[in-house]
file my_file-v4.tsv (TSV, N, CA and C atoms and all ligand atoms)
chain	number	residue	atom	x	y	z
A	1	MET	N	-9.45	20.09	8.98
A	1	MET	CA	-8.06	19.69	9.12
A	1	MET	C	-7.72	18.54	8.17
A	2	LEU	N	-8.62	17.55	8.07
A	2	LEU	CA	-8.37	16.41	7.19
A	2	LEU	C	-9.00	16.70	5.83
A	3	LYS	N	-8.21	16.61	4.77
A	3	LYS	CA	-8.69	17.04	3.45
A	3	LYS	C	-9.29	15.90	2.63
A	4	LYS	N	-8.71	14.72	2.73
A	4	LYS	CA	-9.21	13.58	1.97
A	4	LYS	C	-8.44	12.34	2.40
A	5	ILE	N	-8.88	11.18	1.94
A	5	ILE	CA	-8.07	9.98	2.15
A	5	ILE	C	-6.97	10.03	1.10
A	6	ASP	N	-5.75	10.19	1.56
A	6	ASP	CA	-4.60	10.27	0.64
A	6	ASP	C	-4.31	8.89	0.06
A	7	HIS	N	-4.25	7.91	0.95
A	7	HIS	CA	-4.04	6.54	0.47
A	7	HIS	C	-4.41	5.52	1.54
A	8	LEU	N	-4.55	4.28	1.09
A	8	LEU	CA	-4.71	3.14	1.99
A	8	LEU	C	-3.43	2.34	1.92
A	9	GLY	N	-2.84	2.05	3.08
A	9	GLY	CA	-1.61	1.27	3.13
A	9	GLY	C	-1.95	-0.21	3.30
A	10	VAL	N	-1.45	-1.02	2.38
A	10	VAL	CA	-1.73	-2.46	2.41
A	10	VAL	C	-0.42	-3.21	2.65
A	11	ALA	N	-0.36	-3.97	3.72
A	11	ALA	CA	0.84	-4.76	4.04
A	11	ALA	C	0.81	-6.05	3.24
A	12	VAL	N	1.91	-6.29	2.51
A	12	VAL	CA	2.00	-7.50	1.69
A	12	VAL	C	3.31	-8.22	1.99
A	13	ARG	N	3.28	-9.54	1.83
A	13	ARG	CA	4.52	-10.31	2.03
A	13	ARG	C	5.47	-10.14	0.86
A	14	ASP	N	4.92	-10.09	-0.36
A	14	ASP	CA	5.72	-10.13	-1.57
A	14	ASP	C	5.20	-9.06	-2.53
A	15	LEU	N	5.97	-7.99	-2.69
A	15	LEU	CA	5.52	-6.86	-3.50
A	15	LEU	C	5.26	-7.26	-4.95
A	16	GLU	N	6.12	-8.10	-5.51
A	16	GLU	CA	5.92	-8.51	-6.91
A	16	GLU	C	4.62	-9.29	-7.07
A	17	ALA	N	4.34	-10.17	-6.12
A	17	ALA	CA	3.09	-10.94	-6.18
A	17	ALA	C	1.89	-10.00	-6.03
A	18	ALA	N	2.02	-9.00	-5.15
A	18	ALA	CA	0.92	-8.05	-4.94
A	18	ALA	C	0.73	-7.18	-6.19
A	19	LEU	N	1.84	-6.79	-6.84
A	19	LEU	CA	1.73	-5.99	-8.07
A	19	LEU	C	1.05	-6.81	-9.17
A	20	HIS	N	1.31	-8.10	-9.19
A	20	HIS	CA	0.64	-8.95	-10.17
A	20	HIS	C	-0.87	-8.85	-9.99
A	21	ILE	N	-1.32	-8.86	-8.75
A	21	ILE	CA	-2.77	-8.78	-8.48
A	21	ILE	C	-3.30	-7.37	-8.77
A	22	PHE	N	-2.70	-6.36	-8.12
A	22	PHE	CA	-3.27	-5.00	-8.21
A	22	PHE	C	-3.06	-4.36	-9.59
A	23	ARG	N	-1.90	-4.58	-10.20
A	23	ARG	CA	-1.60	-3.97	-11.50
A	23	ARG	C	-2.13	-4.84	-12.64
A	24	ASP	N	-1.71	-6.11	-12.66
A	24	ASP	CA	-2.00	-6.95	-13.82
A	24	ASP	C	-3.43	-7.47	-13.83
A	25	GLN	N	-3.95	-7.85	-12.66
A	25	GLN	CA	-5.29	-8.42	-12.63
A	25	GLN	C	-6.36	-7.35	-12.42
A	26	LEU	N	-6.14	-6.43	-11.46
A	26	LEU	CA	-7.14	-5.38	-11.21
A	26	LEU	C	-6.98	-4.20	-12.17
A	27	GLY	N	-5.81	-4.08	-12.78
A	27	GLY	CA	-5.62	-3.05	-13.81
A	27	GLY	C	-5.35	-1.65	-13.28
A	28	ILE	N	-4.77	-1.53	-12.08
A	28	ILE	CA	-4.44	-0.20	-11.54
A	28	ILE	C	-2.99	0.13	-11.92
A	29	ASP	N	-2.78	1.32	-12.51
A	29	ASP	CA	-1.43	1.72	-12.90
A	29	ASP	C	-0.53	1.92	-11.68
A	30	VAL	N	0.76	1.64	-11.87
A	30	VAL	CA	1.73	1.84	-10.78
A	30	VAL	C	2.47	3.15	-11.02
A	31	ASP	N	2.50	3.99	-9.98
A	31	ASP	CA	3.13	5.30	-10.06
A	31	ASP	C	4.65	5.19	-9.87
A	32	GLY	N	5.08	4.19	-9.14
A	32	GLY	CA	6.51	4.05	-8.88
A	32	GLY	C	6.75	3.16	-7.69
A	33	VAL	N	7.97	2.65	-7.62
A	33	VAL	CA	8.36	1.79	-6.49
A	33	VAL	C	9.60	2.43	-5.87
A	34	GLU	N	9.62	2.52	-4.55
A	34	GLU	CA	10.79	3.08	-3.87
A	34	GLU	C	10.97	2.40	-2.52
A	35	GLU	N	12.18	2.56	-2.00
A	35	GLU	CA	12.45	2.02	-0.68
A	35	GLU	C	12.50	3.17	0.32
A	36	VAL	N	11.82	3.00	1.46
A	36	VAL	CA	11.88	4.01	2.52
A	36	VAL	C	12.63	3.36	3.68
A	37	ALA	N	13.93	3.63	3.74
A	37	ALA	CA	14.80	2.95	4.71
A	37	ALA	C	14.35	3.22	6.14
A	38	GLU	N	13.91	4.45	6.40
A	38	GLU	CA	13.52	4.83	7.76
A	38	GLU	C	12.37	3.97	8.29
A	39	GLN	N	11.47	3.56	7.39
A	39	GLN	CA	10.34	2.74	7.83
A	39	GLN	C	10.51	1.27	7.46
A	40	LYS	N	11.68	0.93	6.93
A	40	LYS	CA	12.03	-0.46	6.61
A	40	LYS	C	11.02	-1.12	5.68
A	41	VAL	N	10.69	-0.38	4.60
A	41	VAL	CA	9.73	-0.90	3.64
A	41	VAL	C	10.13	-0.58	2.21
A	42	LYS	N	9.66	-1.43	1.31
A	42	LYS	CA	9.65	-1.14	-0.12
A	42	LYS	C	8.20	-0.85	-0.45
A	43	VAL	N	7.97	0.24	-1.19
A	43	VAL	CA	6.63	0.77	-1.37
A	43	VAL	C	6.30	0.93	-2.84
A	44	ALA	N	5.09	0.56	-3.22
A	44	ALA	CA	4.58	0.88	-4.56
A	44	ALA	C	3.30	1.69	-4.39
A	45	PHE	N	3.20	2.79	-5.14
A	45	PHE	CA	1.98	3.61	-5.12
A	45	PHE	C	1.17	3.37	-6.38
A	46	LEU	N	-0.13	3.13	-6.20
A	46	LEU	CA	-1.03	2.90	-7.32
A	46	LEU	C	-2.18	3.90	-7.23
A	47	PRO	N	-2.11	4.98	-8.02
A	47	PRO	CA	-3.16	6.00	-7.96
A	47	PRO	C	-4.50	5.44	-8.44
A	48	LEU	N	-5.56	5.82	-7.71
A	48	LEU	CA	-6.90	5.37	-8.07
A	48	LEU	C	-7.86	6.50	-7.71
A	49	GLY	N	-8.34	7.23	-8.71
A	49	GLY	CA	-9.20	8.38	-8.44
A	49	GLY	C	-8.42	9.43	-7.66
A	50	GLU	N	-9.04	9.95	-6.59
A	50	GLU	CA	-8.40	10.99	-5.78
A	50	GLU	C	-7.41	10.42	-4.79
A	51	SER	N	-7.39	9.10	-4.63
A	51	SER	CA	-6.55	8.48	-3.61
A	51	SER	C	-5.59	7.49	-4.26
A	52	LYS	N	-4.85	6.81	-3.42
A	52	LYS	CA	-3.90	5.82	-3.92
A	52	LYS	C	-3.96	4.58	-3.03
A	53	ILE	N	-3.51	3.49	-3.60
A	53	ILE	CA	-3.23	2.29	-2.82
A	53	ILE	C	-1.72	2.28	-2.63
A	54	GLU	N	-1.27	2.07	-1.40
A	54	GLU	CA	0.16	1.97	-1.11
A	54	GLU	C	0.44	0.53	-0.68
A	55	LEU	N	1.18	-0.20	-1.52
A	55	LEU	CA	1.55	-1.57	-1.18
A	55	LEU	C	2.88	-1.52	-0.44
A	56	LEU	N	2.94	-2.17	0.71
A	56	LEU	CA	4.12	-2.11	1.58
A	56	LEU	C	4.68	-3.50	1.83
A	57	GLN	N	5.93	-3.69	1.42
A	57	GLN	CA	6.62	-4.94	1.75
A	57	GLN	C	7.77	-4.60	2.68
A	58	SER	N	7.86	-5.31	3.79
A	58	SER	CA	8.93	-5.05	4.74
A	58	SER	C	10.28	-5.44	4.16
A	59	THR	N	11.31	-4.66	4.52
A	59	THR	CA	12.67	-5.02	4.13
A	59	THR	C	13.46	-5.54	5.33
A	60	ASP	N	12.75	-5.66	6.46
A	60	ASP	CA	13.41	-6.07	7.71
A	60	ASP	C	12.40	-6.88	8.54
A	61	PRO	N	12.79	-8.09	8.99
A	61	PRO	CA	11.83	-8.90	9.76
A	61	PRO	C	11.38	-8.25	11.07
A	62	GLU	N	12.13	-7.23	11.53
A	62	GLU	CA	11.74	-6.52	12.75
A	62	GLU	C	10.98	-5.23	12.45
A	63	GLY	N	10.78	-4.94	11.17
A	63	GLY	CA	10.10	-3.69	10.80
A	63	GLY	C	8.62	-3.72	11.15
A	64	PRO	N	7.98	-2.54	11.19
A	64	PRO	CA	6.57	-2.47	11.59
A	64	PRO	C	5.63	-3.24	10.67
A	65	VAL	N	5.93	-3.27	9.37
A	65	VAL	CA	5.05	-4.00	8.44
A	65	VAL	C	5.21	-5.50	8.63
A	66	ALA	N	6.43	-5.96	8.85
A	66	ALA	CA	6.66	-7.40	9.11
A	66	ALA	C	5.94	-7.82	10.39
A	67	ARG	N	6.02	-6.98	11.41
A	67	ARG	CA	5.35	-7.32	12.68
A	67	ARG	C	3.83	-7.31	12.53
A	68	PHE	N	3.32	-6.38	11.73
A	68	PHE	CA	1.87	-6.33	11.46
A	68	PHE	C	1.42	-7.63	10.81
A	69	ILE	N	2.15	-8.08	9.78
A	69	ILE	CA	1.77	-9.30	9.06
A	69	ILE	C	1.87	-10.51	9.98
A	70	GLU	N	2.88	-10.53	10.83
A	70	GLU	CA	3.04	-11.63	11.77
A	70	GLU	C	1.82	-11.74	12.70
A	71	ARG	N	1.33	-10.59	13.18
A	71	ARG	CA	0.20	-10.57	14.11
A	71	ARG	C	-1.14	-10.76	13.42
A	72	ARG	N	-1.34	-10.11	12.27
A	72	ARG	CA	-2.68	-10.04	11.69
A	72	ARG	C	-2.79	-10.54	10.27
A	73	GLY	N	-1.66	-10.91	9.67
A	73	GLY	CA	-1.69	-11.35	8.28
A	73	GLY	C	-1.66	-10.17	7.33
A	74	GLU	N	-1.63	-10.45	6.04
A	74	GLU	CA	-1.63	-9.38	5.04
A	74	GLU	C	-2.96	-8.63	5.09
A	75	GLY	N	-2.94	-7.38	4.64
A	75	GLY	CA	-4.19	-6.62	4.56
A	75	GLY	C	-3.97	-5.15	4.81
A	76	ILE	N	-5.08	-4.41	4.96
A	76	ILE	CA	-4.99	-2.96	5.17
A	76	ILE	C	-4.30	-2.70	6.50
A	77	GLN	N	-3.19	-1.95	6.44
A	77	GLN	CA	-2.38	-1.69	7.63
A	77	GLN	C	-2.65	-0.30	8.18
A	78	HIS	N	-2.87	0.67	7.30
A	78	HIS	CA	-3.18	2.02	7.77
A	78	HIS	C	-4.02	2.79	6.76
A	79	ILE	N	-4.67	3.84	7.27
A	79	ILE	CA	-5.37	4.82	6.44
A	79	ILE	C	-4.60	6.11	6.55
A	80	ALA	N	-4.32	6.75	5.42
A	80	ALA	CA	-3.60	8.02	5.45
A	80	ALA	C	-4.53	9.15	5.06
A	81	PHE	N	-4.60	10.17	5.93
A	81	PHE	CA	-5.39	11.37	5.66
A	81	PHE	C	-4.46	12.49	5.23
A	82	ARG	N	-4.82	13.18	4.18
A	82	ARG	CA	-4.05	14.34	3.73
A	82	ARG	C	-4.35	15.54	4.64
A	83	VAL	N	-3.31	16.22	5.07
A	83	VAL	CA	-3.45	17.47	5.83
A	83	VAL	C	-2.61	18.54	5.13
A	84	GLU	N	-2.95	19.80	5.39
A	84	GLU	CA	-2.17	20.88	4.78
A	84	GLU	C	-1.00	21.31	5.64
A	85	ASN	N	-1.20	21.25	6.95
A	85	ASN	CA	-0.12	21.67	7.86
A	85	ASN	C	0.05	20.62	8.94
A	86	LEU	N	1.07	19.80	8.78
A	86	LEU	CA	1.24	18.64	9.66
A	86	LEU	C	1.52	19.04	11.11
A	87	GLU	N	2.40	20.01	11.32
A	87	GLU	CA	2.71	20.43	12.69
A	87	GLU	C	1.45	20.94	13.40
A	88	GLU	N	0.68	21.77	12.70
A	88	GLU	CA	-0.54	22.32	13.28
A	88	GLU	C	-1.53	21.21	13.62
A	89	SER	N	-1.65	20.24	12.71
A	89	SER	CA	-2.57	19.11	12.93
A	89	SER	C	-2.14	18.29	14.14
A	90	LEU	N	-0.84	18.03	14.25
A	90	LEU	CA	-0.33	17.26	15.39
A	90	LEU	C	-0.58	18.01	16.70
A	91	GLY	N	-0.35	19.30	16.69
A	91	GLY	CA	-0.58	20.12	17.88
A	91	GLY	C	-2.04	20.10	18.30
A	92	ARG	N	-2.91	20.19	17.31
A	92	ARG	CA	-4.35	20.19	17.61
A	92	ARG	C	-4.77	18.84	18.21
A	93	LEU	N	-4.30	17.75	17.61
A	93	LEU	CA	-4.66	16.41	18.12
A	93	LEU	C	-4.12	16.20	19.54
A	94	LYS	N	-2.89	16.62	19.74
A	94	LYS	CA	-2.27	16.46	21.07
A	94	LYS	C	-3.07	17.23	22.12
A	95	SER	N	-3.49	18.42	21.77
A	95	SER	CA	-4.25	19.24	22.72
A	95	SER	C	-5.61	18.61	23.04
A	96	LYS	N	-6.10	17.75	22.16
A	96	LYS	CA	-7.38	17.06	22.40
A	96	LYS	C	-7.18	15.71	23.07
A	97	GLY	N	-5.94	15.40	23.43
A	97	GLY	CA	-5.67	14.17	24.17
A	97	GLY	C	-5.49	12.94	23.30
A	98	VAL	N	-5.31	13.13	21.99
A	98	VAL	CA	-5.10	11.99	21.10
A	98	VAL	C	-3.65	11.51	21.26
A	99	ARG	N	-3.49	10.19	21.37
A	99	ARG	CA	-2.16	9.61	21.55
A	99	ARG	C	-1.44	9.51	20.20
A	100	LEU	N	-0.28	10.11	20.12
A	100	LEU	CA	0.47	10.14	18.87
A	100	LEU	C	1.63	9.16	18.93
A	101	ILE	N	1.93	8.54	17.81
A	101	ILE	CA	3.17	7.76	17.70
A	101	ILE	C	4.31	8.72	17.38
A	102	ASP	N	4.05	9.64	16.46
A	102	ASP	CA	5.06	10.63	16.07
A	102	ASP	C	4.62	12.02	16.52
A	103	GLU	N	5.43	12.62	17.37
A	103	GLU	CA	5.13	14.00	17.79
A	103	GLU	C	5.65	14.98	16.75
A	104	LYS	N	6.61	14.50	15.94
A	104	LYS	CA	7.16	15.35	14.89
A	104	LYS	C	7.07	14.62	13.56
A	105	PRO	N	6.94	15.36	12.45
A	105	PRO	CA	6.87	14.73	11.13
A	105	PRO	C	8.14	13.95	10.80
A	106	ARG	N	7.98	12.90	10.03
A	106	ARG	CA	9.13	12.21	9.48
A	106	ARG	C	8.92	12.05	7.97
A	107	ARG	N	9.97	11.58	7.29
A	107	ARG	CA	9.89	11.46	5.85
A	107	ARG	C	9.12	10.20	5.46
A	108	GLY	N	8.17	10.35	4.56
A	108	GLY	CA	7.43	9.20	4.05
A	108	GLY	C	7.77	8.95	2.59
A	109	ALA	N	7.09	8.00	1.99
A	109	ALA	CA	7.31	7.70	0.58
A	109	ALA	C	6.84	8.86	-0.29
A	110	GLY	N	7.40	8.98	-1.46
A	110	GLY	CA	6.96	9.99	-2.42
A	110	GLY	C	7.27	11.42	-2.00
A	111	GLY	N	8.25	11.58	-1.10
A	111	GLY	CA	8.63	12.93	-0.67
A	111	GLY	C	7.65	13.56	0.31
A	112	ALA	N	6.68	12.79	0.79
A	112	ALA	CA	5.70	13.34	1.73
A	112	ALA	C	6.30	13.47	3.12
A	113	ARG	N	5.68	14.32	3.94
A	113	ARG	CA	6.00	14.38	5.36
A	113	ARG	C	4.83	13.70	6.07
A	114	VAL	N	5.14	12.78	6.98
A	114	VAL	CA	4.09	11.97	7.60
A	114	VAL	C	4.27	11.89	9.10
A	115	ALA	N	3.18	11.54	9.78
A	115	ALA	CA	3.22	11.26	11.23
A	115	ALA	C	2.06	10.31	11.51
A	116	PHE	N	2.29	9.39	12.45
A	116	PHE	CA	1.27	8.39	12.76
A	116	PHE	C	0.59	8.67	14.10
A	117	ILE	N	-0.71	8.34	14.13
A	117	ILE	CA	-1.52	8.43	15.35
A	117	ILE	C	-1.63	7.01	15.91
A	118	HIS	N	-1.54	6.87	17.21
A	118	HIS	CA	-1.58	5.54	17.81
A	118	HIS	C	-2.97	4.91	17.65
A	119	PRO	N	-3.02	3.64	17.20
A	119	PRO	CA	-4.33	2.99	16.99
A	119	PRO	C	-5.15	2.86	18.27
A	120	LYS	N	-4.52	2.95	19.43
A	120	LYS	CA	-5.29	2.90	20.69
A	120	LYS	C	-6.20	4.12	20.82
A	121	SER	N	-5.86	5.19	20.11
A	121	SER	CA	-6.68	6.41	20.15
A	121	SER	C	-7.73	6.43	19.05
A	122	THR	N	-7.69	5.47	18.13
A	122	THR	CA	-8.54	5.57	16.93
A	122	THR	C	-9.19	4.22	16.59
A	123	CYS	N	-9.81	3.62	17.60
A	123	CYS	CA	-10.59	2.39	17.39
A	123	CYS	C	-9.80	1.28	16.70
A	124	GLY	N	-8.50	1.21	16.98
A	124	GLY	CA	-7.70	0.12	16.43
A	124	GLY	C	-7.17	0.37	15.02
A	125	VAL	N	-7.47	1.57	14.47
A	125	VAL	CA	-7.01	1.88	13.12
A	125	VAL	C	-5.74	2.72	13.19
A	126	LEU	N	-4.68	2.25	12.54
A	126	LEU	CA	-3.48	3.05	12.45
A	126	LEU	C	-3.71	4.15	11.42
A	127	ILE	N	-3.59	5.41	11.87
A	127	ILE	CA	-3.83	6.55	10.97
A	127	ILE	C	-2.53	7.30	10.74
A	128	GLU	N	-2.27	7.56	9.46
A	128	GLU	CA	-1.13	8.35	9.06
A	128	GLU	C	-1.65	9.71	8.62
A	129	LEU	N	-1.03	10.77	9.10
A	129	LEU	CA	-1.29	12.10	8.56
A	129	LEU	C	-0.20	12.38	7.54
A	130	CYS	N	-0.59	12.91	6.41
A	130	CYS	CA	0.31	13.02	5.26
A	130	CYS	C	0.22	14.42	4.67
A	131	GLU	N	1.36	15.10	4.62
A	131	GLU	CA	1.41	16.43	4.00
A	131	GLU	C	2.27	16.33	2.75
A	132	ARG	N	1.73	16.77	1.63
A	132	ARG	CA	2.48	16.71	0.36
A	132	ARG	C	2.76	18.09	-0.17
A	201	ZN	ZN	1.17	5.35	4.09

call {"tool": "encode", "arguments": {"input": "my_file-v4.tsv", "output": "C-alpha cells"}}
result
Amino acid sequence: MLKKIDHLGVAVRDLEAALHIFRDQLGIDVDGVEEVAEQKVKVAFLPLGESKIELLQSTDPEGPVARFIERRGEGIQHIAFRVENLEESLGRLKSKGVRLIDEKPRRGAGGARVAFIHPKSTCGVLIELCER
C-alpha cells in the first residue's frame, strides 16, 4: 500500500530563513513555493533523490503548523507516504482500527491529494498519505 517516503514535512517559523539554510547552505534545489490556503501554510518543495523536503510556514497563528511550533518548536512535523489509491488506503486503515484525521482526501501542495493519520495511532508521528 505504501510506495515510498514522498516527503518529510518540516515546520519552520520563517520560510525565507529556512530556504537560506536548505537551498543556499545545504545546496538543495527548490521546486517551487506555493500557498495552500486550506492548510494555512506557505510551502516550499525541495526534491532530494526519490523524496522531497517540504518546508512549511504557517500563514495563520491558529493554523496546525503554528500550533505545532508553539508546542514543540521547529522541526520535522510529518512524514508523507506515497500511495496509489488514497480512498482504498484510507478504507483499509480504518478497517484495521487506525484513527484517521481525514476520512476523505483533501487538496495538498503540488496538486496532490492527501489525508492525515492521527499521531495517537502511529507512535506520535503525524503521517500524511499522499496520492500524486
Ligand atoms: Zn506534507

call {"tool": "residues_near_ligand", "arguments": {"input": "my_file-v4.tsv", "ligand": "ligand ZN 201 (chain A)", "cutoff": "6 Å", "atoms": "only N, CA and C atoms and all ligand atoms", "output": "PyMOL selection string"}}
result
chain A and resi 8-9+80

call {"tool": "residues_around", "arguments": {"input": "my_file-v4.tsv", "residues": "Ala115 in chain A", "least_positions_apart": "5", "cutoff": "7 Å", "atoms": "only N, CA and C atoms", "output": "mmCIF file with N, CA and C atoms, in the frame of the given file"}}
result
data_model
loop_
_atom_site.group_PDB
_atom_site.id
_atom_site.type_symbol
_atom_site.label_atom_id
_atom_site.label_comp_id
_atom_site.auth_asym_id
_atom_site.auth_seq_id
_atom_site.Cartn_x
_atom_site.Cartn_y
_atom_site.Cartn_z
ATOM 1 N N ILE A 101 1.930 8.540 17.810
ATOM 2 C CA ILE A 101 3.170 7.760 17.700
ATOM 3 C C ILE A 101 4.310 8.720 17.380
ATOM 4 N N ASP A 102 4.050 9.640 16.460
ATOM 5 C CA ASP A 102 5.060 10.630 16.070
ATOM 6 C C ASP A 102 4.620 12.020 16.520
ATOM 7 N N GLU A 103 5.430 12.620 17.370
ATOM 8 C CA GLU A 103 5.130 14.000 17.790
ATOM 9 C C GLU A 103 5.650 14.980 16.750
ATOM 10 N N LYS A 104 6.610 14.500 15.940
ATOM 11 C CA LYS A 104 7.160 15.350 14.890
ATOM 12 C C LYS A 104 7.070 14.620 13.560
ATOM 13 N N PRO A 105 6.940 15.360 12.450
ATOM 14 C CA PRO A 105 6.870 14.730 11.130
ATOM 15 C C PRO A 105 8.140 13.950 10.800
ATOM 16 N N ARG A 106 7.980 12.900 10.030
ATOM 17 C CA ARG A 106 9.130 12.210 9.480
ATOM 18 C C ARG A 106 8.920 12.050 7.970
ATOM 19 N N ILE A 127 -3.590 5.410 11.870
ATOM 20 C CA ILE A 127 -3.830 6.550 10.970
ATOM 21 C C ILE A 127 -2.530 7.300 10.740
ATOM 22 N N GLU A 128 -2.270 7.560 9.460
ATOM 23 C CA GLU A 128 -1.130 8.350 9.060
ATOM 24 C C GLU A 128 -1.650 9.710 8.620
ATOM 25 N N LEU A 129 -1.030 10.770 9.100
ATOM 26 C CA LEU A 129 -1.290 12.100 8.560
ATOM 27 C C LEU A 129 -0.200 12.380 7.540
ATOM 28 N N CYS A 130 -0.590 12.910 6.410
ATOM 29 C CA CYS A 130 0.310 13.020 5.260
ATOM 30 C C CYS A 130 0.220 14.420 4.670
ATOM 31 N N GLU A 131 1.360 15.100 4.620
ATOM 32 C CA GLU A 131 1.410 16.430 4.000
ATOM 33 C C GLU A 131 2.270 16.330 2.750
#

call {"tool": "closest_residue", "arguments": {"input": "my_file-v4.tsv", "among": "A:Glu74, A:Asp6, A:Glu88, A:Glu54", "to": "Val30 in chain A", "atoms": "only C-alpha atoms"}}
result
A:Glu54

call {"tool": "atom_distance", "arguments": {"input": "my_file-v4.tsv", "atom1": "atom C of Ala37 in chain A", "atom2": "atom N of Glu62 in chain A"}}
result
12.0 Å

call {"tool": "select_by_dssp", "arguments": {"input": "my_file-v4.tsv", "residues": "chain A", "states": "strand (DSSP E)", "output": "MDAnalysis selection string"}}
result
chainID A and resid 2:12 32:36 41:48 51:58 75:83 106:107 113:117 127:131

call {"tool": "atom_distance", "arguments": {"input": "my_file-v4.tsv", "atom1": "atom C of Asp31 in chain A", "atom2": "CA of Phe45 in chain A"}}
result
5.7 Å

call {"tool": "atom_distance", "arguments": {"input": "my_file-v4.tsv", "atom1": "atom N of Gly111 in chain A", "atom2": "CA of Pro61 in chain A"}}
result
23.5 Å

call {"tool": "residues_around", "arguments": {"input": "my_file-v4.tsv", "residues": "Leu93 in chain A", "least_positions_apart": "2", "cutoff": "12 Å", "atoms": "only C-alpha atoms", "output": "number ranges by chain"}}
result
A: 1-2, 86-91, 95-103, 115-118, 121-122, 129

call {"tool": "residues_around", "arguments": {"input": "my_file-v4.tsv", "residues": "Gln39 in chain A", "least_positions_apart": "2", "cutoff": "7 Å", "atoms": "all atoms listed in the file", "output": "PyMOL selection string"}}
result
chain A and resi 36-37+41-42+59+63-65

call {"tool": "closest_residue", "arguments": {"input": "my_file-v4.tsv", "among": "A:Gly108, A:Asp29, A:Asp14, A:Glu70", "to": "Gln57 in chain A", "atoms": "only C-alpha atoms"}}
result
A:Asp14

call {"tool": "residues_near_point", "arguments": {"input": "my_file-v4.tsv", "point": "(1.6, -8.3, 0.0)", "cutoff": "12 Å", "atoms": "only C-alpha atoms", "output": "compact mmCIF listing (two decimals) with N, CA and C atoms, in the frame of the given file"}}
result
# COMPACT_ATOMS: atom_id res chain seq x y z
N GLY A 9 -2.84 2.05 3.08
CA GLY A 9 -1.61 1.27 3.13
C GLY A 9 -1.95 -0.21 3.30
N VAL A 10 -1.45 -1.02 2.38
CA VAL A 10 -1.73 -2.46 2.41
C VAL A 10 -0.42 -3.21 2.65
N ALA A 11 -0.36 -3.97 3.72
CA ALA A 11 0.84 -4.76 4.04
C ALA A 11 0.81 -6.05 3.24
N VAL A 12 1.91 -6.29 2.51
CA VAL A 12 2.00 -7.50 1.69
C VAL A 12 3.31 -8.22 1.99
N ARG A 13 3.28 -9.54 1.83
CA ARG A 13 4.52 -10.31 2.03
C ARG A 13 5.47 -10.14 0.86
N ASP A 14 4.92 -10.09 -0.36
CA ASP A 14 5.72 -10.13 -1.57
C ASP A 14 5.20 -9.06 -2.53
N LEU A 15 5.97 -7.99 -2.69
CA LEU A 15 5.52 -6.86 -3.50
C LEU A 15 5.26 -7.26 -4.95
N GLU A 16 6.12 -8.10 -5.51
CA GLU A 16 5.92 -8.51 -6.91
C GLU A 16 4.62 -9.29 -7.07
N ALA A 17 4.34 -10.17 -6.12
CA ALA A 17 3.09 -10.94 -6.18
C ALA A 17 1.89 -10.00 -6.03
N ALA A 18 2.02 -9.00 -5.15
CA ALA A 18 0.92 -8.05 -4.94
C ALA A 18 0.73 -7.18 -6.19
N LEU A 19 1.84 -6.79 -6.84
CA LEU A 19 1.73 -5.99 -8.07
C LEU A 19 1.05 -6.81 -9.17
N HIS A 20 1.31 -8.10 -9.19
CA HIS A 20 0.64 -8.95 -10.17
C HIS A 20 -0.87 -8.85 -9.99
N ILE A 21 -1.32 -8.86 -8.75
CA ILE A 21 -2.77 -8.78 -8.48
C ILE A 21 -3.30 -7.37 -8.77
N PHE A 22 -2.70 -6.36 -8.12
CA PHE A 22 -3.27 -5.00 -8.21
C PHE A 22 -3.06 -4.36 -9.59
N VAL A 41 10.69 -0.38 4.60
CA VAL A 41 9.73 -0.90 3.64
C VAL A 41 10.13 -0.58 2.21
N LYS A 42 9.66 -1.43 1.31
CA LYS A 42 9.65 -1.14 -0.12
C LYS A 42 8.20 -0.85 -0.45
N VAL A 43 7.97 0.24 -1.19
CA VAL A 43 6.63 0.77 -1.37
C VAL A 43 6.30 0.93 -2.84
N ALA A 44 5.09 0.56 -3.22
CA ALA A 44 4.58 0.88 -4.56
C ALA A 44 3.30 1.69 -4.39
N ILE A 53 -3.51 3.49 -3.60
CA ILE A 53 -3.23 2.29 -2.82
C ILE A 53 -1.72 2.28 -2.63
N GLU A 54 -1.27 2.07 -1.40
CA GLU A 54 0.16 1.97 -1.11
C GLU A 54 0.44 0.53 -0.68
N LEU A 55 1.18 -0.20 -1.52
CA LEU A 55 1.55 -1.57 -1.18
C LEU A 55 2.88 -1.52 -0.44
N LEU A 56 2.94 -2.17 0.71
CA LEU A 56 4.12 -2.11 1.58
C LEU A 56 4.68 -3.50 1.83
N GLN A 57 5.93 -3.69 1.42
CA GLN A 57 6.62 -4.94 1.75
C GLN A 57 7.77 -4.60 2.68
N SER A 58 7.86 -5.31 3.79
CA SER A 58 8.93 -5.05 4.74
C SER A 58 10.28 -5.44 4.16
N VAL A 65 5.93 -3.27 9.37
CA VAL A 65 5.05 -4.00 8.44
C VAL A 65 5.21 -5.50 8.63
N ALA A 66 6.43 -5.96 8.85
CA ALA A 66 6.66 -7.40 9.11
C ALA A 66 5.94 -7.82 10.39
N PHE A 68 3.32 -6.38 11.73
CA PHE A 68 1.87 -6.33 11.46
C PHE A 68 1.42 -7.63 10.81
N ILE A 69 2.15 -8.08 9.78
CA ILE A 69 1.77 -9.30 9.06
C ILE A 69 1.87 -10.51 9.98
N GLY A 73 -1.66 -10.91 9.67
CA GLY A 73 -1.69 -11.35 8.28
C GLY A 73 -1.66 -10.17 7.33
N GLU A 74 -1.63 -10.45 6.04
CA GLU A 74 -1.63 -9.38 5.04
C GLU A 74 -2.96 -8.63 5.09
N GLY A 75 -2.94 -7.38 4.64
CA GLY A 75 -4.19 -6.62 4.56
C GLY A 75 -3.97 -5.15 4.81
N ILE A 76 -5.08 -4.41 4.96
CA ILE A 76 -4.99 -2.96 5.17
C ILE A 76 -4.30 -2.70 6.50
N GLN A 77 -3.19 -1.95 6.44
CA GLN A 77 -2.38 -1.69 7.63
C GLN A 77 -2.65 -0.30 8.18

call {"tool": "axis_aligned_box", "arguments": {"input": "my_file-v4.tsv", "around": "range 4-16 of chain A", "padding_each_side": "6 Å", "output": "JSON"}}
result
{"center_x": -1.5, "center_y": 2.2, "center_z": -1.5, "size_x": 27.3, "size_y": 37.0, "size_z": 23.1}

call {"tool": "select_by_dssp", "arguments": {"input": "my_file-v4.tsv", "residues": "chain A", "states": "alpha helix (DSSP H)", "output": "list in words"}}
result
Leu15, Glu16, Ala17, Ala18, Leu19, Pro64, Val65, Ala66, Arg67, Phe68, Ile69, Glu70, Arg71, Arg72, Leu86, Glu87, Glu88, Ser89, Leu90, Gly91, Arg92, Leu93, Lys94 and Ser95 of chain A
